[in-house]
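Raw data_33.txt, compact mmCIF, C-alpha atoms and all ligand atoms:
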```
# COMPACT_ATOMS: atom_id res chain seq x y z
CA MET I 477 0.00 0.00 0.00
CA ASN I 478 1.35 3.46 -0.88
CA ALA I 479 1.74 5.92 1.97
CA PRO I 480 -1.17 8.37 2.10
CA THR I 481 -0.19 11.90 1.07
CA THR I 482 -3.25 13.75 2.34
CA MET I 483 -5.16 14.07 5.61
CA THR I 484 -8.44 15.82 6.36
CA PHE I 485 -9.58 17.50 9.56
CA PHE I 486 -12.85 19.08 10.55
CA ALA I 487 -12.48 22.83 10.11
CA ARG I 488 -13.11 23.36 13.82
CA PHE I 489 -9.68 21.81 14.54
CA GLU I 490 -7.74 24.10 12.19
CA ALA I 491 -6.83 26.84 14.68
CA ASP I 492 -5.60 24.33 17.28
CA ILE I 493 -3.42 22.56 14.70
CA LEU I 494 -1.91 25.78 13.34
CA SER I 495 -1.18 27.09 16.85
CA GLY I 496 0.48 23.85 17.96
CA ARG I 497 -2.16 23.16 20.65
CA LYS I 498 -3.28 19.96 18.90
CA THR I 499 -0.38 17.61 18.15
CA ILE I 500 -2.13 14.27 17.60
CA THR I 501 -5.12 12.90 15.78
CA ILE I 502 -6.90 9.67 16.65
CA ARG I 503 -8.22 7.68 13.69
CA ASP I 504 -9.73 4.32 12.85
CA VAL I 505 -7.93 1.58 10.93
CA SER I 506 -9.00 2.98 7.56
CA GLU I 507 -6.95 6.11 8.30
CA SER I 508 -4.08 4.45 10.12
CA HIS I 509 -1.75 3.80 7.21
CA TYR I 510 0.32 6.95 7.55
CA VAL I 511 4.08 6.46 7.46
CA PRO I 512 6.43 8.14 9.98
CA GLY I 513 8.73 10.55 8.17
CA SER I 514 6.24 11.27 5.39
CA VAL I 515 4.71 14.71 4.87
CA VAL I 516 1.00 15.06 4.15
CA GLN I 517 -1.07 17.91 2.73
CA VAL I 518 -3.86 18.80 5.14
CA SER I 519 -7.27 20.13 4.17
CA THR I 520 -10.64 20.70 5.75
CA LEU I 521 -13.14 17.88 5.36
CA GLU I 522 -16.03 20.24 4.79
CA GLU I 523 -14.61 22.48 2.03
CA ASP I 524 -11.47 20.60 0.92
CA ARG I 525 -9.47 23.76 1.72
CA ASP I 526 -5.73 23.20 2.15
CA PHE I 527 -4.41 24.78 5.34
CA CYS I 528 -1.05 23.22 6.25
CA ARG I 529 1.39 20.37 5.80
CA LEU I 530 2.23 17.92 8.58
CA GLU I 531 5.13 15.54 9.06
CA ILE I 532 3.96 12.22 10.48
CA LEU I 533 6.07 11.38 13.54
CA ALA I 534 4.42 8.19 14.82
CA VAL I 535 1.40 5.92 14.37
CA GLU I 536 0.54 3.88 17.46
CA PRO I 537 -2.42 1.59 18.19
CA ILE I 538 -4.62 2.49 21.14
CA LEU I 539 -7.82 1.04 22.52
CA PHE I 540 -10.65 3.48 23.20
CA GLN I 541 -10.67 2.40 26.85
CA ASP I 542 -6.97 3.31 27.16
CA LEU I 543 -7.38 6.93 26.08
CA SER I 544 -5.96 9.08 28.87
CA ASP I 545 -5.46 12.63 30.08
CA PHE I 546 -2.14 12.54 28.23
CA HIS I 547 -3.92 12.05 24.90
CA ALA I 548 -6.56 14.63 25.82
CA ARG I 549 -3.89 17.26 26.53
CA GLN I 550 -2.32 16.53 23.13
CA GLU I 551 -5.76 17.11 21.57
CA ASN I 552 -6.28 20.32 23.60
CA MET I 553 -9.37 18.78 25.21
CA THR I 554 -10.45 17.26 28.48
CA LEU I 555 -10.57 13.47 28.52
CA ALA I 556 -14.39 13.59 28.66
CA GLU I 557 -14.47 15.88 25.61
CA LEU I 558 -12.03 13.67 23.74
CA LYS I 559 -14.03 10.51 24.41
CA THR I 560 -17.24 12.21 23.30
CA VAL I 561 -15.63 13.48 20.08
CA ILE I 562 -14.12 10.10 19.25
CA ARG I 563 -17.38 8.28 19.90
CA GLU I 564 -19.22 10.79 17.65
CA ILE I 565 -16.76 10.18 14.80
CA TYR I 566 -16.18 6.44 15.36
CA PRO I 567 -19.23 5.06 17.21
CA ASP I 568 -18.28 1.39 16.83
CA ASP I 569 -14.47 1.30 16.87
CA ASP I 570 -12.54 0.28 19.96
CA GLN I 571 -9.29 -0.20 18.08
CA LEU I 572 -7.95 3.23 17.20
CA TYR I 573 -4.61 4.75 16.21
CA VAL I 574 -2.81 7.78 17.63
CA ILE I 575 -1.06 9.69 14.87
CA THR I 576 1.52 12.16 16.15
CA TYR I 577 2.59 14.94 13.81
CA ARG I 578 4.41 18.25 13.58
CA LEU I 579 3.73 21.28 11.46
CA VAL I 580 6.14 21.80 8.59
CA GLY I 581 6.69 24.92 6.50
C1 LIG I 601 -12.13 14.36 9.25
C2 LIG I 601 -11.82 13.62 10.48
O1 LIG I 601 -12.16 12.48 10.64
N1 LIG I 601 -11.13 14.28 11.42
C3 LIG I 601 -10.68 13.81 12.61
C4 LIG I 601 -11.03 12.61 13.18
C5 LIG I 601 -10.46 12.28 14.39
N2 LIG I 601 -9.61 13.15 14.99
C6 LIG I 601 -9.30 14.33 14.39
O2 LIG I 601 -8.49 15.10 14.95
N3 LIG I 601 -9.84 14.65 13.23
```

When written as structure tokens, how does the structure in this file appear?
Ligand SMILES: CC(=O)Nc1cc[nH]c(=O)n1
Amino acid sequence: MNAPTTMTFFARFEADILSGRKTITIRDVSESHYVPGSVVQVSTLEEDRDFCRLEILAVEPILFQDLSDFHARQENMTLAELKTVIREIYPDDDQLYVITYRLVG
């Protein structure tokens, strides 16, 4: 499988990503095939508007039940907020993936 070269985020996350307050994203298996060291073009899901590029630093499996305050802080949320958001996006998935990234020029 080729490494994905794009990633989408809901527009409401854009400011947190650009400011460095949000440094991870938690995805299901269908969006887990990012490759550390690769750079992806990032756009909004709603309008397909490019807004930054990210270098993928790590992709690590995580179970929903193991999400912690550490992950919540990296998402700029409380743990309760994070669990609610993840359950809204992925209602049936317990196996998830933490994708760590950094902003690149
Ligand atoms: C578009 C989309 O699925 N966005 C997501 C999903 C999970 N976490 C996140 O930061 N963004």

Q. Between I:Ser514, I:Ser495, I:Asn478, I:Ser508, which is the closest to ligand LIG 601 (chain I) once you count all atoms listed in the file?
A. I:Ser508

Q | Length of the CA of Thr481 (chain I) to CA of Ile575 (chain I) vector [Å] | A | 14.0 Å

Box centre and edge lengths (Å, one decimal), axis-aligned, ligand LIG 601 (chain I) plus 6 Å each side, as AutoDock Vina command-line options:
```
--center_x -10.3 --center_y 13.7 --center_z 12.1 --size_x 15.7 --size_y 14.8 --size_z 17.7
```

Q: Take CA of Asp504 (chain I) and CA of Gln541 (chain I) and report the distance between them in Å, one decimal.
A: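 Distance between the two atoms: 14.2 Å.
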
Q: Could I get the residue neighbourhood of ligand LIG 601 (chain I) at 10 Å, counting all atoms listed in the file, as a ChimeraX atom specification?
A: /I:483-490,492-493,498-504,507,519-522,551,558,561-566,572-575

Q. In Å to one decimal, how far is CA of Gly581 (chain I) from CA of Ala548 (chain I)?
A. 25.6 Å

**Q.** Long-range neighbours of Pro480 (chain I) as JSON, numbers by chain, 12 Å cut-off, all atoms listed in the file, 4 positions minimum in chain
**A.** {"I": [484, 506, 507, 508, 509, 510, 511, 512, 513, 514, 515, 516, 517, 518, 531, 532]}

Q: Have a look at I:Ala479, I:Arg497, I:Phe540, I:Asp524 and name the one nearest to Pro567 (chain I); count only C-alpha atoms.
A: I:Phe540

(Q) Please determine, counting all atoms listed in the file, which residue among I:Val505, I:Ala491, I:Val580, I:Leu543 has the shortest atom-to-atom distance to Ala556 (chain I). (A)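 Closest residue, counting all atoms listed in the file: I:Leu543.
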